[in-house]
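A.B. asks: Pasting a structure below so you can have a look.
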Amino acid sequence: QTEGRKNLFFHPNIDVNRMKDYIGLSEGIINFTRDFSPDKPCEALRCEKTRHAFFECEKDYWIVLIMNNPSIVKSRNGTPVYLEDELGDSCLQAIVKRTYATFRMCNGRMADIARQHSYEFLKTKLWLFMKYFLPTIDFQNVRFLMDIRGFNFMPVNRNAFLMTQYIINVLSSAFPSIASCAVMYDRKLIWSGLEQDDMFFLYLLDQKNMGGFFKYLATNPEKPSGEQDPSGENDADIITDMKSSSTTTRKANTKEGLARKSIGFLTGPAHILDHSRSAAPQLHLKTFDWKRKRLAVYRYSSITLFMVMHDVAMETSDYQEIDKYARPDIQKLEALLS
């Protein structure tokens, strides 16, 4: 295949010939270094002006990140001096690995999407994902980032902890569609029933810079053109509207982010009184062997309740029942934590 056909996503939008040059160079580096290390693929390349990160996320699928090294001007003639050690390989690797991990959690494996649908649909899904994910990365300060995968835990007293457990137990018993839960307060973790890598994704989703990412969850298509979701909407129409910067929004899941709504569902029904069918966004987690689940996010004031649901049809009435069961006890928990 030519470099253009091999490209699934490229950012920023540059001249097609320059884009092909970057792709060809990256492929050449990967193939050349494979001769010296066939069992461990190339992960980094350091140059005077740039730093490269390579990640084979799946067999024959690569994510490549190329960043310009910071520079300063010391001489009078304005010649820049590049700071080759400012960008760490571990930081760039953390970015590409987090990018893929987030994409897989929201969509599944790239190879599966291409096999079940088409490469064109995979390109569409990557375009929409990157549209919302790239703005969450602070590339200007990437040299200060560390991939520590740490959590800020909310210290709670015995009563608050028991109330949290009570809420989760009540919801799990009353609603068999709920597979697991996690509870956060003021962007700090209180309790989670998920594996650490999965919880890290939800933890990041509750941070300030990820607010706009909820719109991606609301508009992420699950089927290519011509197929419809259970609500009767055509995913191809969604993509067309998005690419043309249309103000049209989906009837289901039109949430801009955590900061815009203090009470109610952030994913699920567009409005708790809307009686149309409303599917929460899909989710693929390691906790459940990457099988497709659904993510319902409920916010009450400073409390965020993540509910990982089984992949079953949900009516808005189901969300109304969850709200009815959860809200009184979450109000009590809010009083205990505030």
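Numbering starts fresh at 1 for the residues of each chain in the structure tokens, the chains themselves are lettered A, B, ... in the order given, and ligands are numbered from 1 as they appear.
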Using only C-alpha atoms, find each residue in region 24-114 of chain A having at least one atom no more than 8 Å away from region 279-287 of chain A; report its shortest atom-to-atom pair and that distance in Å (one decimal), rows by chain then rising number, as a tab-separated table.

C.D. replies:
residue	atom	partner	partner_atom	distance
A:Arg104	CA	A:His284	CA	6.7
A:Met105	CA	A:His284	CA	4.4
A:Cys106	CA	A:Leu283	CA	4.9
A:Asn107	CA	A:Leu283	CA	6.8
A:Gly108	CA	A:His284	CA	6.0

A.B. asks: Name the residues in contact with Tyr82 (chain A) at a cut-off of 6 Å, using only C-alpha atoms, excluding same-chain residues fewer than 2 positions from it; report them as a PDB file with N, CA, C and O atoms, in the first residue's frame.

C.D. replies:
ATOM      1  N   PRO A  70      11.909  21.916  22.424  1.00  0.00           N
ATOM      2  CA  PRO A  70      11.941  23.341  22.778  1.00  0.00           C
ATOM      3  C   PRO A  70      13.278  23.941  22.358  1.00  0.00           C
ATOM      4  O   PRO A  70      14.294  23.237  22.245  1.00  0.00           O
ATOM      5  N   SER A  71      13.282  25.233  22.125  1.00  0.00           N
ATOM      6  CA  SER A  71      14.519  25.893  21.687  1.00  0.00           C
ATOM      7  C   SER A  71      14.640  27.262  22.330  1.00  0.00           C
ATOM      8  O   SER A  71      13.648  27.862  22.747  1.00  0.00           O
ATOM      9  N   GLU A  84      17.495  19.290  23.550  1.00  0.00           N
ATOM     10  CA  GLU A  84      17.178  17.910  23.164  1.00  0.00           C
ATOM     11  C   GLU A  84      16.772  17.022  24.331  1.00  0.00           C
ATOM     12  O   GLU A  84      16.192  15.957  24.123  1.00  0.00           O
TER      13      GLU A  84
END

A.B. asks: For each of A:Phe32, A:Phe139, A:Phe9, A:Phe151, take the minimum atom-to-atom distance to Asp197 (chain A), counting only C-alpha atoms, then give the residue where this is smallest.

C.D. replies: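 Among A:Phe32, A:Phe139, A:Phe9, A:Phe151, it is A:Phe151 that comes nearest to Asp197 (chain A).
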
A.B. asks: When you look at Gln207 (chain A) with a cut-off of 12 Å (counting only C-alpha atoms), what residues show up, excluding the ones that are within fewer than 4 positions of it in the same chain? I need them as a list in words.

C.D. replies: Thr136, Phe151, Asn152, Met184, Tyr185, Asp186, Arg187, Lys188, Leu189, Phe200, Phe201, Leu202, Tyr203, Gly211, Gly212, Phe213, Phe214, Gly257, Leu258, Ala259, Ser302 and Thr304 of chain A

A.B. asks: Could you pull out the strand (DSSP E or B) residues of region 159-233 of chain A from DSSP and send them as a list of chain:residue names?

C.D. replies: A:Ile178, A:Ala179, A:Ser180, A:Cys181, A:Ala182, A:Val183, A:Met184, A:Tyr185, A:Lys188, A:Leu189, A:Ile190, A:Trp191, A:Ser192, A:Gln228

A.B. asks: Given only C-alpha atoms as the basis, pick out the residue of A:Met67, A:Leu217, A:Cys181, A:Phe54 nearest to His11 (chain A).

C.D. replies: A:Met67

A.B. asks: Write out as a PyMOL selection string which residues come within 8 Å of region 123-128 of chain A when counting only C-alpha atoms, dropping same-chain ones fewer than 2 positions away.

C.D. replies: chain A and resi 8-9+119-121+130-132+216+220-221+239

A.B. asks: My list of candidates is A:Val73, A:Leu134, A:Met19, A:Leu87. Which is closest to Ala53 (chain A) when distances are computed with only C-alpha atoms?

C.D. replies: A:Leu87

A.B. asks: When you draw a straight line from CA of Phe288 (chain A) to CA of Glu195 (chain A), how long is it in Å?

C.D. replies: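 For CA of Phe288 (chain A) relative to CA of Glu195 (chain A), the distance reads 9.4 Å.
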
A.B. asks: Choose the residue, out of A:Val142, A:Ala313, A:Leu171, A:Leu305, that has the smallest atom-to-atom separation from Ile263 (chain A); count only C-alpha atoms.

C.D. replies: A:Leu305

A.B. asks: Among region 48-106 of chain A, which ones does DSSP assign to alpha helix (DSSP H) (computed from the backbone)? Answer as a PDB file with C-alpha atoms, in the first residue's frame.

C.D. replies:
ATOM      1  CA  ASP A  89      10.706   9.416  26.121  1.00  0.00           C
ATOM      2  CA  SER A  90       8.544   8.142  28.970  1.00  0.00           C
ATOM      3  CA  CYS A  91       6.234  11.181  28.726  1.00  0.00           C
ATOM      4  CA  LEU A  92       5.701  10.750  24.991  1.00  0.00           C
ATOM      5  CA  GLN A  93       5.151   7.018  25.421  1.00  0.00           C
ATOM      6  CA  ALA A  94       2.591   7.763  28.129  1.00  0.00           C
ATOM      7  CA  ILE A  95       0.695  10.012  25.703  1.00  0.00           C
ATOM      8  CA  VAL A  96       0.500   7.501  22.843  1.00  0.00           C
ATOM      9  CA  LYS A  97      -0.398   4.636  25.187  1.00  0.00           C
ATOM     10  CA  ARG A  98      -3.083   6.664  26.931  1.00  0.00           C
ATOM     11  CA  THR A  99      -4.446   7.705  23.529  1.00  0.00           C
ATOM     12  CA  TYR A 100      -4.844   4.106  22.433  1.00  0.00           C
ATOM     13  CA  ALA A 101      -6.147   2.910  25.789  1.00  0.00           C
ATOM     14  CA  THR A 102      -8.866   5.562  25.736  1.00  0.00           C
ATOM     15  CA  PHE A 103      -9.795   4.806  22.125  1.00  0.00           C
ATOM     16  CA  ARG A 104     -10.024   1.080  22.842  1.00  0.00           C
ATOM     17  CA  MET A 105     -12.164   1.597  25.919  1.00  0.00           C
ATOM     18  CA  CYS A 106     -14.598   3.687  23.891  1.00  0.00           C
TER      19      CYS A 106
END

A.B. asks: May I ask which of the residues A:Glu27, A:Asp329, A:Asp35, A:Asp85 is the closest one to Cys47 (chain A), counting only C-alpha atoms?

C.D. replies: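 For Cys47 (chain A), the nearest of the candidates is A:Asp85.
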
A.B. asks: So what do you get for CA of Leu266 (chain A) versus CA of Phe161 (chain A), distance-wise?

C.D. replies: 24.0 Å

A.B. asks: Of the candidates A:Ile168, A:Leu65, A:Leu194, A:Val297, which shows the shortest atom-to-atom distance to Leu333 (chain A), using only C-alpha atoms?

C.D. replies: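 Answer, going by the shortest atom-to-atom distance: A:Ile168.
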
A.B. asks: Rounded to one decimal in Å, what is the spacing between CA of Lys223 (chain A) and CA of Trp290 (chain A)?

C.D. replies: 18.5 Å

A.B. asks: Could you name the residues that touch Asp323 (chain A) at 9 Å or less, counting only C-alpha atoms, but leaving out those on the same chain fewer than 2 positions away, as a PyMOL selection string?

C.D. replies: chain A and resi 264-265+272+298+318-321+325-328
